[in-house]
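Source file: coords_15.txt (compact mmCIF, C-alpha atoms (C1' of nucleotides))
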# COMPACT_ATOMS: atom_id res chain seq x y z
CA MET A 644 0.00 0.00 0.00
CA THR A 645 2.81 2.38 0.81
CA CYS A 646 3.98 2.41 -2.73
CA ALA A 647 5.79 5.15 -4.52
CA ILE A 648 4.00 4.61 -7.81
CA ASN A 649 1.03 6.85 -8.12
CA TYR A 650 -1.19 6.69 -11.14
CA ALA A 651 -3.41 9.56 -10.11
CA PRO A 652 -1.62 12.19 -12.21
CA GLN A 653 -1.73 10.00 -15.29
CA LEU A 654 -5.44 9.45 -14.83
CA ARG A 655 -6.20 13.09 -14.17
CA ALA A 656 -4.14 14.09 -17.18
CA GLN A 657 -6.83 12.36 -19.21
CA GLY A 658 -9.64 13.88 -17.23
CA LEU A 659 -10.27 10.67 -15.30
CA ARG A 660 -10.75 10.25 -11.62
CA MET A 661 -8.59 8.44 -9.13
CA THR A 662 -10.37 6.42 -6.48
CA PRO A 663 -9.04 4.15 -3.75
CA GLN A 664 -10.54 1.21 -5.65
CA ARG A 665 -8.68 2.02 -8.81
CA ASN A 666 -5.55 2.66 -6.85
CA ALA A 667 -5.76 -0.71 -5.13
CA ILE A 668 -6.30 -2.52 -8.41
CA LEU A 669 -3.45 -0.75 -10.17
CA HIS A 670 -1.25 -1.34 -7.18
CA VAL A 671 -1.92 -5.06 -7.21
CA LEU A 672 -1.22 -5.34 -10.91
CA HIS A 673 1.92 -3.31 -10.52
CA HIS A 674 3.35 -5.55 -7.86
CA SER A 675 2.37 -8.87 -9.30
CA HIS A 676 4.54 -9.20 -12.32
CA GLY A 677 2.54 -11.03 -14.92
CA HIS A 678 -1.13 -11.28 -15.60
CA LEU A 679 -4.00 -11.72 -13.20
CA SER A 680 -7.58 -12.81 -13.67
CA PRO A 681 -10.38 -10.56 -12.43
CA THR A 682 -10.97 -12.96 -9.56
CA GLN A 683 -7.33 -12.87 -8.56
CA VAL A 684 -7.31 -9.10 -8.71
CA TYR A 685 -10.40 -9.05 -6.56
CA HIS A 686 -8.88 -11.16 -3.80
CA LEU A 687 -5.53 -9.40 -3.80
CA ALA A 688 -6.88 -5.87 -3.98
CA ARG A 689 -9.32 -6.63 -1.21
CA LYS A 690 -6.36 -6.91 1.14
CA GLU A 691 -5.62 -3.26 0.51
CA PHE A 692 -9.14 -2.01 0.24
CA PRO A 693 -11.43 -4.53 1.93
CA SER A 694 -14.71 -2.96 0.90
CA LEU A 695 -13.90 -3.55 -2.75
CA THR A 696 -16.54 -5.54 -4.59
CA GLU A 697 -16.43 -7.81 -7.61
CA PRO A 698 -18.55 -5.73 -9.97
CA THR A 699 -16.21 -2.83 -9.34
CA VAL A 700 -13.24 -4.99 -10.22
CA TYR A 701 -14.76 -6.03 -13.51
CA ARG A 702 -15.82 -2.52 -14.38
CA THR A 703 -12.50 -1.04 -13.40
CA LEU A 704 -10.42 -3.58 -15.31
CA GLU A 705 -12.45 -3.03 -18.42
CA PHE A 706 -12.26 0.69 -17.96
CA LEU A 707 -8.52 0.77 -17.44
CA ALA A 708 -7.95 -1.52 -20.40
CA GLU A 709 -10.00 0.76 -22.59
CA LYS A 710 -7.92 3.70 -21.41
CA LYS A 711 -4.75 1.79 -22.26
CA PHE A 712 -3.50 1.52 -18.72
CA LEU A 713 -3.94 -2.24 -18.90
CA LEU A 714 -3.72 -4.91 -21.52
CA ALA A 715 -6.27 -7.69 -21.73
CA ALA A 716 -4.77 -11.04 -22.61
CA HIS A 717 -6.42 -14.29 -23.51
CA VAL A 718 -4.70 -17.27 -22.04
CA GLY A 719 -5.24 -20.95 -22.33
CA ASN A 720 -8.38 -21.75 -20.41
CA GLY A 721 -10.38 -19.16 -22.25
CA LYS A 722 -10.43 -16.64 -19.45
CA ILE A 723 -9.36 -13.05 -19.78
CA VAL A 724 -6.46 -11.81 -17.73
CA TYR A 725 -5.03 -8.35 -17.30
CA GLU A 726 -1.62 -6.84 -16.91
CA LEU A 727 -0.06 -3.41 -16.89
CA ALA A 728 0.32 -1.96 -20.35
CA GLU A 729 3.97 -1.19 -19.80
CA ASN A 730 6.50 -3.90 -20.47
CA GLN A 731 4.78 -5.64 -23.32
CA HIS A 732 5.35 -9.32 -23.78
CA HIS A 733 3.62 -12.48 -24.85
CA HIS A 734 3.34 -15.94 -23.40
CA LEU A 735 4.27 -19.43 -24.41
CA ILE A 736 2.42 -21.99 -22.33
CA CYS A 737 3.09 -25.69 -22.00
CA HIS A 738 -0.17 -27.44 -22.71
CA GLN A 739 0.93 -30.33 -20.55
CA CYS A 740 2.15 -28.84 -17.30
CA GLY A 741 1.05 -25.25 -17.73
CA ASN A 742 4.54 -23.86 -17.29
CA THR A 743 4.81 -20.44 -18.88
CA VAL A 744 7.65 -18.45 -20.39
CA GLU A 745 7.52 -14.85 -21.44
CA VAL A 746 8.12 -14.04 -25.06
CA ASP A 747 9.52 -10.68 -25.98
CA HIS A 748 7.61 -8.62 -28.47
CA ALA A 749 10.64 -7.95 -30.69
CA PRO A 750 10.61 -11.25 -32.61
CA LEU A 751 6.97 -10.63 -33.53
CA GLU A 752 7.64 -7.25 -35.06
CA ARG A 753 8.45 -8.54 -38.49
CA LEU A 754 5.36 -10.73 -38.51
CA TYR A 755 3.22 -7.79 -37.40
CA ARG A 756 4.49 -5.63 -40.22
CA GLN A 757 3.91 -8.42 -42.67
CA LEU A 758 0.35 -8.99 -41.51
CA ALA A 759 -0.36 -5.28 -41.51
CA SER A 760 0.71 -4.89 -45.12
CA SER A 761 -1.09 -7.99 -46.33
CA THR A 762 -4.38 -7.35 -44.56
CA GLY A 763 -4.56 -3.59 -44.22
CA TYR A 764 -5.25 -4.00 -40.54
CA LYS A 765 -3.39 -1.84 -38.08
CA LEU A 766 -2.29 -4.40 -35.52
CA ASP A 767 -2.68 -3.86 -31.82
CA SER A 768 0.31 -4.55 -29.72
CA SER A 769 -1.99 -6.85 -27.83
CA HIS A 770 -1.06 -9.97 -26.03
CA VAL A 771 -0.58 -13.19 -27.96
CA THR A 772 -0.51 -16.63 -26.42
CA PHE A 773 1.36 -19.55 -27.92
CA PHE A 774 1.11 -23.15 -26.88
CA GLY A 775 3.66 -25.89 -26.91
CA LEU A 776 5.38 -28.63 -25.00
CA CYS A 777 8.08 -27.52 -22.59
CA PRO A 778 11.48 -29.25 -22.59
CA LYS A 779 10.68 -31.14 -19.41
CA CYS A 780 7.42 -32.54 -20.73
CA GLN A 781 9.03 -33.46 -24.03
CA LYS A 782 11.42 -35.68 -22.14
CA SER A 783 8.80 -37.28 -19.96
CA LYS A 784 6.85 -38.24 -23.04
CA LEU A 785 9.63 -40.43 -24.42
CA MET B 1304 -27.33 -34.60 -42.71
CA THR B 1305 -27.00 -36.40 -45.98
CA CYS B 1306 -23.37 -35.60 -46.22
CA ALA B 1307 -20.68 -37.53 -47.99
CA ILE B 1308 -18.09 -36.91 -45.33
CA ASN B 1309 -17.99 -39.65 -42.80
CA TYR B 1310 -15.64 -39.52 -39.87
CA ALA B 1311 -16.55 -42.93 -38.53
CA PRO B 1312 -13.61 -44.75 -40.12
CA GLN B 1313 -11.14 -42.20 -38.83
CA LEU B 1314 -12.55 -42.54 -35.37
CA ARG B 1315 -12.60 -46.31 -35.42
CA ALA B 1316 -9.08 -46.40 -36.75
CA GLN B 1317 -8.10 -44.96 -33.38
CA GLY B 1318 -10.31 -47.32 -31.48
CA LEU B 1319 -12.91 -44.67 -30.82
CA ARG B 1320 -16.64 -44.93 -31.26
CA MET B 1321 -18.89 -43.11 -33.65
CA THR B 1322 -22.23 -41.98 -32.33
CA PRO B 1323 -24.98 -39.88 -33.91
CA GLN B 1324 -24.10 -37.11 -31.47
CA ARG B 1325 -20.49 -37.00 -32.57
CA ASN B 1326 -21.53 -37.25 -36.15
CA ALA B 1327 -23.90 -34.31 -35.84
CA ILE B 1328 -21.25 -32.19 -34.15
CA LEU B 1329 -18.59 -33.01 -36.70
CA HIS B 1330 -21.05 -32.42 -39.48
CA VAL B 1331 -21.94 -28.97 -38.20
CA LEU B 1332 -18.31 -27.98 -37.85
CA HIS B 1333 -17.54 -29.33 -41.27
CA HIS B 1334 -20.22 -27.25 -42.95
CA SER B 1335 -19.73 -24.03 -41.08
CA HIS B 1336 -16.40 -22.81 -42.28
CA GLY B 1337 -14.78 -21.06 -39.40
CA HIS B 1338 -15.03 -21.52 -35.69
CA LEU B 1339 -18.04 -22.08 -33.51
CA SER B 1340 -18.64 -21.72 -29.82
CA PRO B 1341 -19.98 -24.69 -27.86
CA THR B 1342 -23.35 -22.97 -27.65
CA GLN B 1343 -23.46 -22.41 -31.39
CA VAL B 1344 -22.54 -26.02 -32.00
CA TYR B 1345 -25.28 -27.07 -29.64
CA HIS B 1346 -27.99 -25.14 -31.43
CA LEU B 1347 -26.89 -26.11 -34.91
CA ALA B 1348 -26.28 -29.77 -34.18
CA ARG B 1349 -29.63 -30.00 -32.44
CA LYS B 1350 -31.28 -29.45 -35.80
CA GLU B 1351 -29.77 -32.69 -36.99
CA PHE B 1352 -30.05 -34.62 -33.79
CA PRO B 1353 -32.69 -32.94 -31.62
CA SER B 1354 -32.12 -35.00 -28.51
CA LEU B 1355 -28.57 -33.71 -28.23
CA THR B 1356 -27.81 -32.08 -24.90
CA GLU B 1357 -25.38 -29.41 -23.83
CA PRO B 1358 -23.17 -31.50 -21.57
CA THR B 1359 -22.66 -33.88 -24.45
CA VAL B 1360 -21.59 -31.03 -26.68
CA TYR B 1361 -19.01 -29.85 -24.19
CA ARG B 1362 -17.70 -33.33 -23.56
CA THR B 1363 -17.60 -34.19 -27.23
CA LEU B 1364 -15.83 -31.01 -28.27
CA GLU B 1365 -13.21 -31.48 -25.61
CA PHE B 1366 -12.84 -35.11 -26.55
CA LEU B 1367 -12.48 -34.44 -30.27
CA ALA B 1368 -10.00 -31.67 -29.64
CA GLU B 1369 -7.91 -33.98 -27.52
CA LYS B 1370 -7.96 -36.57 -30.30
CA LYS B 1371 -6.83 -33.91 -32.75
CA PHE B 1372 -9.98 -33.90 -34.83
CA LEU B 1373 -10.66 -30.35 -33.70
CA LEU B 1374 -8.65 -27.33 -32.74
CA ALA B 1375 -9.59 -25.17 -29.81
CA ALA B 1376 -9.10 -21.49 -30.41
CA HIS B 1377 -9.30 -18.59 -28.02
CA VAL B 1378 -10.91 -15.56 -29.52
CA GLY B 1379 -11.54 -12.07 -28.30
CA ASN B 1380 -14.25 -12.33 -25.73
CA GLY B 1381 -12.43 -14.94 -23.74
CA LYS B 1382 -14.56 -17.82 -24.88
CA ILE B 1383 -13.26 -20.98 -26.47
CA VAL B 1384 -14.31 -21.84 -29.99
CA TYR B 1385 -13.67 -24.93 -32.04
CA GLU B 1386 -12.96 -25.70 -35.65
CA LEU B 1387 -11.94 -28.69 -37.71
CA ALA B 1388 -8.27 -29.49 -37.39
CA GLU B 1389 -7.75 -29.55 -41.13
CA ASN B 1390 -6.90 -26.32 -42.85
CA GLN B 1391 -4.92 -24.62 -40.13
CA HIS B 1392 -5.11 -20.89 -39.92
CA HIS B 1393 -5.16 -18.06 -37.44
CA HIS B 1394 -7.35 -15.04 -36.97
CA LEU B 1395 -6.92 -11.32 -37.00
CA ILE B 1396 -9.87 -9.61 -35.38
CA CYS B 1397 -10.84 -5.96 -35.48
CA HIS B 1398 -11.28 -4.86 -31.91
CA GLN B 1399 -13.71 -2.21 -33.06
CA CYS B 1400 -16.21 -3.92 -35.31
CA GLY B 1401 -15.27 -7.55 -34.76
CA ASN B 1402 -14.60 -8.19 -38.41
CA THR B 1403 -12.25 -11.14 -38.83
CA VAL B 1404 -9.75 -12.18 -41.45
CA GLU B 1405 -8.00 -15.50 -41.66
CA VAL B 1406 -4.24 -15.56 -41.40
CA ASP B 1407 -2.36 -18.34 -43.04
CA HIS B 1408 0.04 -20.31 -40.91
CA ALA B 1409 2.96 -19.93 -43.30
CA PRO B 1410 4.09 -16.45 -42.21
CA LEU B 1411 4.25 -17.69 -38.63
CA GLU B 1412 6.58 -20.54 -39.42
CA ARG B 1413 9.77 -18.56 -39.06
CA LEU B 1414 8.61 -17.12 -35.77
CA TYR B 1415 7.70 -20.58 -34.52
CA ARG B 1416 11.15 -21.93 -35.33
CA GLN B 1417 12.74 -18.94 -33.67
CA LEU B 1418 10.70 -19.36 -30.49
CA ALA B 1419 11.36 -23.08 -30.45
CA SER B 1420 15.10 -22.61 -30.57
CA SER B 1421 15.18 -19.81 -28.01
CA THR B 1422 12.89 -21.44 -25.46
CA GLY B 1423 13.33 -25.17 -26.03
CA TYR B 1424 9.57 -25.52 -26.29
CA LYS B 1425 8.13 -27.62 -29.07
CA LEU B 1426 5.40 -25.35 -30.36
CA ASP B 1427 1.90 -26.57 -31.07
CA SER B 1428 0.42 -25.59 -34.35
CA SER B 1429 -2.39 -24.20 -32.27
CA HIS B 1430 -4.56 -21.30 -33.11
CA VAL B 1431 -3.33 -17.76 -32.50
CA THR B 1432 -5.51 -14.70 -32.40
CA PHE B 1433 -4.27 -11.24 -33.29
CA PHE B 1434 -6.12 -8.01 -32.75
CA GLY B 1435 -6.08 -4.81 -34.69
CA LEU B 1436 -8.11 -2.14 -36.38
CA CYS B 1437 -9.53 -3.03 -39.77
CA PRO B 1438 -9.14 -0.61 -42.69
CA LYS B 1439 -12.75 0.50 -42.48
CA CYS B 1440 -12.54 1.35 -38.79
CA GLN B 1441 -9.23 3.13 -39.29
CA LYS B 1442 -10.97 5.49 -41.68
CA SER B 1443 -14.00 6.06 -39.51
CA LYS B 1444 -11.72 7.10 -36.69
CA LEU B 1445 -10.28 10.02 -38.58
C1' DG C 197 -22.90 21.08 -7.37
C1' DT C 198 -22.31 17.77 -11.21
C1' DT C 199 -20.84 13.93 -12.94
C1' DA C 200 -18.66 9.76 -12.55
C1' DG C 201 -17.83 5.76 -9.71
C1' DT C 202 -19.29 2.33 -6.37
C1' DG C 203 -21.93 -1.06 -3.48
C1' DC C 204 -25.53 -4.13 -3.12
C1' DA C 205 -28.37 -7.72 -4.54
C1' DA C 206 -29.95 -10.31 -7.85
C1' DA C 207 -30.03 -12.29 -12.36
C1' DC C 208 -27.71 -14.54 -15.98
C1' DC C 209 -25.55 -17.93 -18.60
C1' DA C 210 -21.98 -20.80 -19.94
C1' DT C 211 -19.79 -24.74 -18.10
C1' DT C 212 -19.20 -28.81 -15.04
C1' DT C 213 -20.39 -32.90 -12.28
C1' DG C 214 -22.55 -37.43 -10.56
C1' DC C 215 -24.94 -41.03 -11.60
C1' DA C 216 -27.94 -44.31 -13.89
C1' DG C 217 -29.27 -45.97 -18.24
C1' DA C 218 -28.37 -46.61 -23.30
C1' DA C 219 -25.64 -47.67 -27.17
C1' DC C 220 -21.45 -48.82 -29.67
C1' DG C 221 -18.31 -52.47 -31.31
C1' DC D 382 -21.10 -58.42 -23.08
C1' DG D 383 -17.93 -54.96 -21.55
C1' DT D 384 -16.87 -50.47 -21.95
C1' DT D 385 -17.74 -46.14 -23.51
C1' DC D 386 -20.99 -42.50 -24.25
C1' DT D 387 -25.07 -39.92 -23.23
C1' DG D 388 -29.09 -37.80 -20.82
C1' DC D 389 -30.86 -35.79 -16.97
C1' DA D 390 -30.82 -32.71 -13.32
C1' DA D 391 -28.64 -29.93 -10.53
C1' DA D 392 -24.83 -27.25 -8.87
C1' DT D 393 -21.24 -24.15 -9.82
C1' DG D 394 -18.93 -19.91 -10.55
C1' DG D 395 -17.55 -16.26 -13.16
C1' DT D 396 -19.68 -12.15 -15.12
C1' DT D 397 -23.26 -8.66 -15.80
C1' DT D 398 -27.10 -5.46 -14.72
C1' DG D 399 -30.24 -1.86 -12.38
C1' DC D 400 -30.61 1.28 -9.21
C1' DA D 401 -29.76 4.21 -5.33
C1' DC D 402 -26.01 6.25 -2.87
C1' DT D 403 -21.34 8.19 -2.43
C1' DA D 404 -17.32 10.44 -3.61
C1' DA D 405 -14.13 12.88 -6.79
C1' DC D 406 -13.17 17.22 -8.78

Whole structure given in structure tokens:
Amino acid sequence: MTCAINYAPQLRAQGLRMTPQRNAILHVLHHSHGHLSPTQVYHLARKEFPSLTEPTVYRTLEFLAEKKFLLAAHVGNGKIVYELAENQHHHLICHQCGNTVEVDHAPLERLYRQLASSTGYKLDSSHVTFFGLCPKCQKSKL
Amino acid sequence: MTCAINYAPQLRAQGLRMTPQRNAILHVLHHSHGHLSPTQVYHLARKEFPSLTEPTVYRTLEFLAEKKFLLAAHVGNGKIVYELAENQHHHLICHQCGNTVEVDHAPLERLYRQLASSTGYKLDSSHVTFFGLCPKCQKSKL
DNA sequence: GTTAGTGCAAACCATTTGCAGAACG
DNA sequence: CGTTCTGCAAATGGTTTGCACTAAC
């Protein structure tokens, strides 16, 4: 809770309001490196602001994603997770054990440009999830 | 329903059983090019086999995906959709209007090899979803 | 003071589970 | 016939909605 990072100015710069709820949610996402599901955010942020409710979490996450403070990612199980918009990366998940590695955005740049020129779409820098078999599970399958 | 394609031999070749339920589900996915949600599959397949129930749809889709007859894809809204495993492709979705274009797998090949060598993972040829702004929505934003 | 944000409670809907009976091979 | 698959019914759990109240600016 006693955290140096303060998003209030960035919000106000866009004419948006800072509330303790939003602060708690941003704080949680800032400190947990990686992505969190709405339910996870709810339970963690509740520790900092106990009166927080689930509908608020959902509304706030959607709101902050729309305002580009957060990125919404779609991981394996079909649930949406969120992470801070800074520090963009993707994920490669083992479909066997669930182990996850981060994938830098750089190697996707070329592909993005290629897709943009062939489709006319302007690609989001949104999260992409890849699936595979991790080295450990490859071995155990032999 | 009177469709030439018959998956029964392919199933039996793997020691699996063919049932009218599975047939209806495969049939629906075969004729609807593109991906369908479990609910969509349920409603469509019901027209061919009215006594079909939802739990069966979910179980069958999961089963067929595990046996590599289907691919599970994760699209925008965080729901899982399924499509026939043949004809692999990915999707690029406009986050504004939802319009979708298919992306061939070929341009991803290089990236896949690169990720495989840098992470040690053996990548699935699983479905990837990209997001962007389609040409039409780019214009309407100006 | 205005507008935006939140809490509450309830509804909603997709998805899952247990178990008994039916059907495939 | 043995095993797998399905139907039924119910529970589950994440997500959404309406409305009145509160708080941010």

Counting only C-alpha atoms (C1' of nucleotides), give me one row per residue of chain C with an atom at most 8 Å from an atom of chain A, showing the shortest contact pair and its distance in Å to one decimal, sorted by chain then residue number, as a tab-separated table.
residue	atom	partner	partner_atom	distance
C:DA200	C1'	A:Arg660	CA	8.0
C:DT202	C1'	A:Thr699	CA	6.7
C:DG203	C1'	A:Thr696	CA	7.1

Selected residues written out with C-alpha atoms (C1' of nucleotides), as a compact mmCIF listing (two decimals), keeping the file's coordinate frame:
# COMPACT_ATOMS: atom_id res chain seq x y z
C1' DA C 200 -18.66 9.76 -12.55
C1' DT C 202 -19.29 2.33 -6.37
C1' DG C 203 -21.93 -1.06 -3.48

With 12 Å as the cut-off and only C-alpha atoms (C1' of nucleotides) counted, what is the closest atom pair between each nearby residue of chain D and chain B? Distances in Å to one decimal, ordered by chain and number, as CSV.
residue,atom,partner,partner_atom,distance
D:DT384,C1',B:Arg1320,CA,10.8
D:DT385,C1',B:Arg1320,CA,7.9
D:DC386,C1',B:Thr1322,CA,8.2
D:DT387,C1',B:Thr1359,CA,6.6
D:DG388,C1',B:Thr1356,CA,7.1
D:DC389,C1',B:Thr1356,CA,9.3
D:DA390,C1',B:Pro1358,CA,11.3
D:DG395,C1',B:Gly1381,CA,11.8
D:DT396,C1',B:Gly1381,CA,11.6

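Here the question is which of A:His674, A:Arg753, A:Arg655, A:Lys722 gets nearest to chain B using only C-alpha atoms, and that residue is A:Lys722.
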
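In this structure, CA of His734 (chain A) sits 6.6 Å away from CA of Val771 (chain A).
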
Next on the checklist: Please check the contacts: residues of chain A at most 7 Å away from chain B, using only C-alpha atoms, listed as number ranges by chain.
Outcome noted: A: 717, 721-723, 750, 754, 763-767, 769, 771-778
